[in-house]
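A short worksheet on the structure shown next.
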Amino acid sequence: MAASLLFVTQVAPYRDGPAGAHGVLDQATHGVAEAAELNGLSPRRVEDVRELALDDLHEARALALFTIGETPWSSDQRAAIAENVRVSIHSATDSCYGWHDYGALVGARFDGHPWTQSFRIEVVDGEHPACAHLEREWEWRDEVYQFRDLRADAHILLRVRDGELDLEQPGARSPAFGYPLAWCFTEGRGRVFSTSLGHFPSAWESPVYLRHVSGGLGWTLGA
């Protein structure tokens, strides 16, 4: 039996109010399932972590997160997650504000998205499996996230090319590390890959984007 990938797509309320919904989750589930199968894993979607057995987390080969709000992980589940290979997709950085260490587990904390637009992506590491199929620049349309508390050891793979964003936009800030879109790092014996792309349905219909996700998952598995 193939090792499993757990894909968590739970949208939970924030501490101060509802988180709404994310209409792309069904499409993302299909896309992540393809990526899992290409990497020799059996995918399983999890829509409510309160129904997820602790043994499932310990036995899973990988954990992929497309979460929003205060995901209700138990303390035992949190401990198990810290030991896992992880893939963080799109809004997963906008989760678990009541879990102090969560930002370090996925690499950064969401800090707003003042922009939704087409832009040019700079491919920083064209040899990484998540990026090896890309040219030096990638034209894309998506939400552009700002981040805070980016890990110092995060290896940036993609970022917004300089000059693409209107920094006068309400809520815009200029962090010293700029506007990364994807990164990776090692965590103990495991690996973490994060991409903030994937808001629109068109992403999950794009073979180029899906190769980005699949390559990132492969890297976390040591491929």
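Identifiers in the structure tokens: chain A, B, ... in order shown; residue index from 1 per chain; ligand index from 1 in order shown.
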
Mind the document's chain letters and residue numbers, and return as a PyMOL selection string the residues of segment 68-185 of chain A that DSSP labels alpha helix (DSSP H).
chain A and resi 75-81+102-106

Compile the contact shell of Arg15 of chain A as a VMD selection string: residues with an atom at most 12 Å away, counting only C-alpha atoms, same-chain residues fewer than 6 positions apart removed.
chain A and resid 68 to 72 95 to 99

Emit the selected residues as a tab-separated table (two decimals), in the first residue's frame, including all heavy atoms.
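result07.tsv, written as the output of this step:
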chain	number	residue	atom	x	y	z
A	68	ILE	N	-7.25	27.98	6.35
A	68	ILE	CA	-7.54	29.37	6.66
A	68	ILE	C	-8.11	29.41	8.06
A	68	ILE	O	-8.90	28.54	8.45
A	68	ILE	CB	-8.55	29.98	5.66
A	68	ILE	CG1	-8.11	29.79	4.22
A	68	ILE	CG2	-8.76	31.48	5.93
A	68	ILE	CD1	-9.17	30.15	3.19
A	69	GLY	N	-7.75	30.43	8.84
A	69	GLY	CA	-8.33	30.61	10.17
A	69	GLY	C	-7.67	29.75	11.22
A	69	GLY	O	-6.59	29.20	11.04
A	70	GLU	N	-8.37	29.62	12.33
A	70	GLU	CA	-7.81	28.93	13.50
A	70	GLU	C	-8.09	27.42	13.42
A	70	GLU	O	-9.00	26.89	14.06
A	70	GLU	CB	-8.39	29.51	14.78
A	70	GLU	CG	-7.97	30.94	15.07
A	70	GLU	CD	-6.47	31.07	15.30
A	70	GLU	OE1	-5.84	30.10	15.78
A	70	GLU	OE2	-5.93	32.14	15.00
A	71	THR	N	-7.30	26.73	12.61
A	71	THR	CA	-7.47	25.29	12.47
A	71	THR	C	-7.42	24.63	13.85
A	71	THR	O	-6.46	24.84	14.60
A	71	THR	CB	-6.34	24.71	11.59
A	71	THR	OG1	-6.18	25.53	10.44
A	71	THR	CG2	-6.67	23.29	11.18
A	72	PRO	N	-8.44	23.85	14.23
A	72	PRO	CA	-8.52	23.35	15.61
A	72	PRO	C	-7.66	22.12	15.87
A	72	PRO	O	-8.15	21.07	16.31
A	72	PRO	CB	-10.01	23.06	15.78
A	72	PRO	CG	-10.47	22.67	14.41
A	72	PRO	CD	-9.67	23.54	13.47
A	95	SER	N	-3.18	31.02	8.91
A	95	SER	CA	-3.84	30.05	9.80
A	95	SER	C	-3.16	30.05	11.16
A	95	SER	O	-1.99	30.45	11.30
A	95	SER	CB	-3.74	28.62	9.21
A	95	SER	OG	-4.33	28.53	7.95
A	96	CYS	N	-3.90	29.55	12.14
A	96	CYS	CA	-3.32	29.15	13.44
A	96	CYS	C	-2.58	30.28	14.15
A	96	CYS	O	-1.47	30.09	14.66
A	96	CYS	CB	-2.40	27.95	13.24
A	96	CYS	SG	-3.21	26.50	12.55
A	97	TYR	N	-3.19	31.44	14.22
A	97	TYR	CA	-2.55	32.56	14.92
A	97	TYR	C	-2.45	32.31	16.42
A	97	TYR	O	-1.61	32.90	17.10
A	97	TYR	CB	-3.29	33.86	14.64
A	97	TYR	CG	-3.19	34.27	13.18
A	97	TYR	CD1	-4.20	33.96	12.28
A	97	TYR	CD2	-2.06	34.93	12.72
A	97	TYR	CE1	-4.10	34.32	10.94
A	97	TYR	CE2	-1.94	35.28	11.38
A	97	TYR	CZ	-2.96	34.97	10.50
A	97	TYR	OH	-2.84	35.32	9.17
A	98	GLY	N	-3.29	31.44	16.94
A	98	GLY	CA	-3.21	31.08	18.35
A	98	GLY	C	-2.18	30.01	18.66
A	98	GLY	O	-1.99	29.65	19.82
A	99	TRP	N	-1.49	29.52	17.65
A	99	TRP	CA	-0.43	28.51	17.79
A	99	TRP	C	0.89	29.24	17.56
A	99	TRP	O	1.25	29.54	16.44
A	99	TRP	CB	-0.66	27.40	16.79
A	99	TRP	CG	0.36	26.29	16.82
A	99	TRP	CD1	1.44	26.16	17.63
A	99	TRP	CD2	0.36	25.14	15.95
A	99	TRP	NE1	2.13	25.02	17.33
A	99	TRP	CE2	1.49	24.37	16.31
A	99	TRP	CE3	-0.46	24.70	14.92
A	99	TRP	CZ2	1.81	23.19	15.65
A	99	TRP	CZ3	-0.16	23.52	14.28
A	99	TRP	CH2	0.96	22.77	14.64

With DSSP run on the backbone, what are the strand (DSSP E or B) residues within segment 35-185 of chain A? I'd like them as a JSON list (two decimals) with N, CA, C and O atoms, in the first residue's frame.
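This went into selection_25.json:
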[["chain", "number", "residue", "atom", "x", "y", "z"],
["A", 42, "SER", "N", -0.47, 8.08, -1.78],
["A", 42, "SER", "CA", -1.92, 7.93, -1.84],
["A", 42, "SER", "C", -2.56, 9.13, -1.15],
["A", 42, "SER", "O", -2.37, 9.31, 0.06],
["A", 43, "PRO", "N", -3.33, 9.98, -1.88],
["A", 43, "PRO", "CA", -3.86, 11.20, -1.28],
["A", 43, "PRO", "C", -5.14, 10.97, -0.48],
["A", 43, "PRO", "O", -5.97, 10.13, -0.83],
["A", 44, "ARG", "N", -5.28, 11.74, 0.59],
["A", 44, "ARG", "CA", -6.52, 11.73, 1.37],
["A", 44, "ARG", "C", -6.83, 13.15, 1.80],
["A", 44, "ARG", "O", -5.98, 13.82, 2.40],
["A", 45, "ARG", "N", -8.02, 13.61, 1.48],
["A", 45, "ARG", "CA", -8.43, 14.95, 1.89],
["A", 45, "ARG", "C", -8.99, 14.92, 3.30],
["A", 45, "ARG", "O", -9.72, 14.01, 3.68],
["A", 46, "VAL", "N", -8.64, 15.95, 4.08],
["A", 46, "VAL", "CA", -9.13, 16.10, 5.45],
["A", 46, "VAL", "C", -9.81, 17.47, 5.55],
["A", 46, "VAL", "O", -9.15, 18.50, 5.42],
["A", 62, "ALA", "N", 3.53, 12.66, 4.10],
["A", 62, "ALA", "CA", 3.54, 14.10, 3.88],
["A", 62, "ALA", "C", 2.22, 14.70, 4.33],
["A", 62, "ALA", "O", 1.18, 14.04, 4.32],
["A", 63, "LEU", "N", 2.27, 15.96, 4.70],
["A", 63, "LEU", "CA", 1.11, 16.73, 5.12],
["A", 63, "LEU", "C", 1.06, 17.99, 4.28],
["A", 63, "LEU", "O", 1.99, 18.80, 4.29],
["A", 64, "ALA", "N", -0.02, 18.17, 3.53],
["A", 64, "ALA", "CA", -0.20, 19.37, 2.71],
["A", 64, "ALA", "C", -1.32, 20.20, 3.33],
["A", 64, "ALA", "O", -2.38, 19.67, 3.67],
["A", 65, "LEU", "N", -1.09, 21.49, 3.46],
["A", 65, "LEU", "CA", -2.03, 22.38, 4.12],
["A", 65, "LEU", "C", -2.53, 23.46, 3.17],
["A", 65, "LEU", "O", -1.73, 24.19, 2.59],
["A", 68, "ILE", "N", -7.25, 27.98, 6.35],
["A", 68, "ILE", "CA", -7.54, 29.37, 6.66],
["A", 68, "ILE", "C", -8.11, 29.41, 8.06],
["A", 68, "ILE", "O", -8.90, 28.54, 8.45],
["A", 69, "GLY", "N", -7.75, 30.43, 8.84],
["A", 69, "GLY", "CA", -8.33, 30.61, 10.17],
["A", 69, "GLY", "C", -7.67, 29.75, 11.22],
["A", 69, "GLY", "O", -6.59, 29.20, 11.04],
["A", 86, "ARG", "N", 6.16, 18.74, 5.25],
["A", 86, "ARG", "CA", 4.99, 19.60, 5.05],
["A", 86, "ARG", "C", 5.06, 20.35, 3.73],
["A", 86, "ARG", "O", 6.12, 20.76, 3.28],
["A", 87, "VAL", "N", 3.89, 20.56, 3.15],
["A", 87, "VAL", "CA", 3.72, 21.41, 1.98],
["A", 87, "VAL", "C", 2.65, 22.43, 2.34],
["A", 87, "VAL", "O", 1.53, 22.07, 2.73],
["A", 88, "SER", "N", 2.99, 23.71, 2.24],
["A", 88, "SER", "CA", 2.07, 24.79, 2.56],
["A", 88, "SER", "C", 1.62, 25.44, 1.26],
["A", 88, "SER", "O", 2.45, 25.89, 0.47],
["A", 89, "ILE", "N", 0.30, 25.48, 1.02],
["A", 89, "ILE", "CA", -0.24, 25.98, -0.24],
["A", 89, "ILE", "C", -1.10, 27.21, -0.01],
["A", 89, "ILE", "O", -1.95, 27.23, 0.89],
["A", 95, "SER", "N", -3.18, 31.02, 8.91],
["A", 95, "SER", "CA", -3.84, 30.05, 9.80],
["A", 95, "SER", "C", -3.16, 30.05, 11.16],
["A", 95, "SER", "O", -1.99, 30.45, 11.30],
["A", 109, "ARG", "N", 4.48, 34.23, 8.41],
["A", 109, "ARG", "CA", 3.10, 34.56, 8.72],
["A", 109, "ARG", "C", 2.55, 35.49, 7.64],
["A", 109, "ARG", "O", 3.20, 36.44, 7.22],
["A", 110, "PHE", "N", 1.33, 35.21, 7.21],
["A", 110, "PHE", "CA", 0.59, 36.09, 6.31],
["A", 110, "PHE", "C", 0.46, 37.48, 6.93],
["A", 110, "PHE", "O", 0.22, 37.63, 8.11],
["A", 115, "TRP", "N", -2.65, 43.25, -3.16],
["A", 115, "TRP", "CA", -2.68, 43.20, -4.62],
["A", 115, "TRP", "C", -3.32, 41.90, -5.12],
["A", 115, "TRP", "O", -3.03, 40.82, -4.62],
["A", 116, "THR", "N", -4.17, 42.03, -6.13],
["A", 116, "THR", "CA", -4.62, 40.90, -6.94],
["A", 116, "THR", "C", -4.46, 41.34, -8.38],
["A", 116, "THR", "O", -5.18, 42.25, -8.83],
["A", 117, "GLN", "N", -3.51, 40.76, -9.08],
["A", 117, "GLN", "CA", -3.16, 41.29, -10.39],
["A", 117, "GLN", "C", -2.29, 40.30, -11.16],
["A", 117, "GLN", "O", -1.84, 39.29, -10.62],
["A", 118, "SER", "N", -2.04, 40.63, -12.40],
["A", 118, "SER", "CA", -1.02, 39.94, -13.19],
["A", 118, "SER", "C", 0.33, 40.56, -12.87],
["A", 118, "SER", "O", 0.44, 41.77, -12.65],
["A", 119, "PHE", "N", 1.37, 39.74, -12.84],
["A", 119, "PHE", "CA", 2.70, 40.23, -12.49],
["A", 119, "PHE", "C", 3.73, 39.25, -13.02],
["A", 119, "PHE", "O", 3.41, 38.12, -13.40],
["A", 120, "ARG", "N", 4.97, 39.71, -13.03],
["A", 120, "ARG", "CA", 6.08, 38.86, -13.45],
["A", 120, "ARG", "C", 6.77, 38.29, -12.23],
["A", 120, "ARG", "O", 7.12, 39.03, -11.30],
["A", 121, "ILE", "N", 6.98, 37.00, -12.25],
["A", 121, "ILE", "CA", 7.66, 36.30, -11.16],
["A", 121, "ILE", "C", 9.12, 36.09, -11.56],
["A", 121, "ILE", "O", 9.41, 35.65, -12.67],
["A", 122, "GLU", "N", 10.01, 36.38, -10.64],
["A", 122, "GLU", "CA", 11.43, 36.08, -10.83],
["A", 122, "GLU", "C", 11.70, 34.69, -10.27],
["A", 122, "GLU", "O", 11.41, 34.41, -9.09],
["A", 123, "VAL", "N", 12.24, 33.83, -11.09],
["A", 123, "VAL", "CA", 12.63, 32.48, -10.64],
["A", 123, "VAL", "C", 14.02, 32.59, -10.03],
["A", 123, "VAL", "O", 15.01, 32.78, -10.73],
["A", 137, "GLU", "N", 11.70, 34.11, -15.95],
["A", 137, "GLU", "CA", 10.55, 34.86, -15.50],
["A", 137, "GLU", "C", 9.28, 34.08, -15.84],
["A", 137, "GLU", "O", 9.23, 33.33, -16.80],
["A", 138, "TRP", "N", 8.26, 34.30, -15.03],
["A", 138, "TRP", "CA", 7.00, 33.58, -15.17],
["A", 138, "TRP", "C", 5.87, 34.60, -15.06],
["A", 138, "TRP", "O", 5.75, 35.28, -14.04],
["A", 139, "GLU", "N", 5.08, 34.73, -16.10],
["A", 139, "GLU", "CA", 3.92, 35.62, -16.08],
["A", 139, "GLU", "C", 2.78, 34.91, -15.35],
["A", 139, "GLU", "O", 2.44, 33.77, -15.67],
["A", 140, "TRP", "N", 2.15, 35.60, -14.38],
["A", 140, "TRP", "CA", 1.14, 34.95, -13.56],
["A", 140, "TRP", "C", 0.12, 35.97, -13.07],
["A", 140, "TRP", "O", 0.40, 37.15, -13.00],
["A", 141, "ARG", "N", -1.06, 35.50, -12.72],
["A", 141, "ARG", "CA", -2.08, 36.32, -12.08],
["A", 141, "ARG", "C", -2.51, 35.63, -10.80],
["A", 141, "ARG", "O", -2.84, 34.45, -10.80],
["A", 142, "ASP", "N", -2.51, 36.39, -9.70],
["A", 142, "ASP", "CA", -2.84, 35.79, -8.41],
["A", 142, "ASP", "C", -3.00, 36.90, -7.37],
["A", 142, "ASP", "O", -2.78, 38.08, -7.65],
["A", 143, "GLU", "N", -3.40, 36.51, -6.17],
["A", 143, "GLU", "CA", -3.23, 37.38, -5.01],
["A", 143, "GLU", "C", -1.73, 37.41, -4.69],
["A", 143, "GLU", "O", -1.05, 36.38, -4.79],
["A", 144, "VAL", "N", -1.23, 38.56, -4.30],
["A", 144, "VAL", "CA", 0.16, 38.67, -3.86],
["A", 144, "VAL", "C", 0.15, 38.90, -2.36],
["A", 144, "VAL", "O", -0.35, 39.93, -1.88],
["A", 147, "PHE", "N", 4.33, 39.07, 3.77],
["A", 147, "PHE", "CA", 4.64, 38.19, 4.90],
["A", 147, "PHE", "C", 5.39, 38.94, 5.98],
["A", 147, "PHE", "O", 6.05, 39.96, 5.72],
["A", 148, "ARG", "N", 5.29, 38.41, 7.17],
["A", 148, "ARG", "CA", 6.13, 38.84, 8.28],
["A", 148, "ARG", "C", 6.76, 37.60, 8.89],
["A", 148, "ARG", "O", 6.29, 36.48, 8.67],
["A", 155, "HIS", "N", 14.87, 29.33, 2.09],
["A", 155, "HIS", "CA", 15.52, 29.46, 0.78],
["A", 155, "HIS", "C", 14.45, 29.89, -0.22],
["A", 155, "HIS", "O", 13.56, 29.10, -0.56],
["A", 156, "ILE", "N", 14.52, 31.13, -0.67],
["A", 156, "ILE", "CA", 13.49, 31.68, -1.55],
["A", 156, "ILE", "C", 13.66, 31.10, -2.96],
["A", 156, "ILE", "O", 14.76, 31.13, -3.52],
["A", 157, "LEU", "N", 12.55, 30.62, -3.51],
["A", 157, "LEU", "CA", 12.54, 30.00, -4.84],
["A", 157, "LEU", "C", 11.95, 30.94, -5.89],
["A", 157, "LEU", "O", 12.44, 31.00, -7.01],
["A", 158, "LEU", "N", 10.89, 31.63, -5.52],
["A", 158, "LEU", "CA", 10.20, 32.56, -6.41],
["A", 158, "LEU", "C", 9.93, 33.85, -5.66],
["A", 158, "LEU", "O", 9.65, 33.82, -4.45],
["A", 159, "ARG", "N", 9.96, 34.97, -6.35],
["A", 159, "ARG", "CA", 9.56, 36.24, -5.75],
["A", 159, "ARG", "C", 9.00, 37.15, -6.84],
["A", 159, "ARG", "O", 9.25, 36.95, -8.03],
["A", 160, "VAL", "N", 8.27, 38.16, -6.41],
["A", 160, "VAL", "CA", 7.74, 39.14, -7.35],
["A", 160, "VAL", "C", 8.90, 39.98, -7.87],
["A", 160, "VAL", "O", 9.73, 40.46, -7.09],
["A", 180, "PRO", "N", 8.51, 37.37, -1.41],
["A", 180, "PRO", "CA", 8.70, 35.98, -1.84],
["A", 180, "PRO", "C", 7.35, 35.31, -2.09],
["A", 180, "PRO", "O", 6.35, 35.63, -1.44],
["A", 181, "LEU", "N", 7.35, 34.39, -3.03],
["A", 181, "LEU", "CA", 6.14, 33.65, -3.39],
["A", 181, "LEU", "C", 6.25, 32.16, -3.08],
["A", 181, "LEU", "O", 5.24, 31.49, -2.92],
["A", 182, "ALA", "N", 7.46, 31.66, -3.03],
["A", 182, "ALA", "CA", 7.69, 30.25, -2.70],
["A", 182, "ALA", "C", 9.05, 30.13, -2.05],
["A", 182, "ALA", "O", 9.98, 30.85, -2.41],
["A", 183, "TRP", "N", 9.16, 29.21, -1.10],
["A", 183, "TRP", "CA", 10.42, 28.98, -0.40],
["A", 183, "TRP", "C", 10.46, 27.54, 0.11],
["A", 183, "TRP", "O", 9.45, 26.83, 0.08],
["A", 184, "CYS", "N", 11.60, 27.16, 0.62],
["A", 184, "CYS", "CA", 11.74, 25.84, 1.23],
["A", 184, "CYS", "C", 12.79, 25.91, 2.32],
["A", 184, "CYS", "O", 13.59, 26.85, 2.38],
["A", 185, "PHE", "N", 12.77, 24.93, 3.20],
["A", 185, "PHE", "CA", 13.79, 24.82, 4.25],
["A", 185, "PHE", "C", 13.71, 23.43, 4.85],
["A", 185, "PHE", "O", 12.73, 22.70, 4.64]]

Name all residues at most 7 Å from Val106 of chain A (count only C-alpha atoms; drop same-chain ones fewer than 4 positions away) and give them as a PyMOL selection string.
chain A and resi 88+93+102+192+194

Let's have the selection written as a compact mmCIF listing (two decimals), in the first residue's frame, with N, CA, C and O atoms.
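part35.txt, written as the output of this step:
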# COMPACT_ATOMS: atom_id res chain seq x y z
N SER A 88 2.99 23.71 2.24
CA SER A 88 2.07 24.79 2.56
C SER A 88 1.62 25.44 1.26
O SER A 88 2.45 25.89 0.47
N THR A 93 -0.43 30.05 5.29
CA THR A 93 0.25 30.97 6.19
C THR A 93 -0.73 31.86 6.95
O THR A 93 -0.35 32.54 7.90
N TYR A 102 3.49 28.02 14.90
CA TYR A 102 3.01 27.62 13.57
C TYR A 102 3.73 28.36 12.45
O TYR A 102 4.07 27.78 11.42
N VAL A 192 10.25 21.29 4.34
CA VAL A 192 9.05 22.10 4.16
C VAL A 192 9.17 22.86 2.84
O VAL A 192 10.20 23.47 2.56
N SER A 194 6.80 25.71 0.61
CA SER A 194 5.65 26.60 0.69
C SER A 194 5.51 27.40 -0.59
O SER A 194 6.50 27.94 -1.10

What is the distance, in Å and to one decimal place, between atom CA of Val208 of chain A and atom CA of Gly23 of chain A?
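If I compute the distance from atom CA of Val208 of chain A to atom CA of Gly23 of chain A, I get 20.9 Å.
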
Mind checking which residues fall within 12 Å of segment 50-58 of chain A, counting only C-alpha atoms, ignoring those fewer than 2 positions away in the same chain, and posting them as a VMD selection string?
chain A and resid 3 to 8 10 12 44 to 48 60 to 64 71 to 86

What's the 9 Å shell around segment 126-130 of chain A, counting only C-alpha atoms, without same-chain residues fewer than 2 positions away, as a ChimeraX atom specification?
/A:123-124,132-136,157,211-219,223

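Here the question is which of A:Gly107, A:Thr195, A:Gln169, A:Tyr179 gets nearest to Leu150 of chain A using only C-alpha atoms, and that residue is A:Gly107.
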
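Rounded to one decimal, atom CA of His90 of chain A and atom CA of Leu165 of chain A lie 18.7 Å from each other.
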
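Atom to atom, atom CA of Tyr145 of chain A and atom CA of Asp111 of chain A stand 7.0 Å apart.
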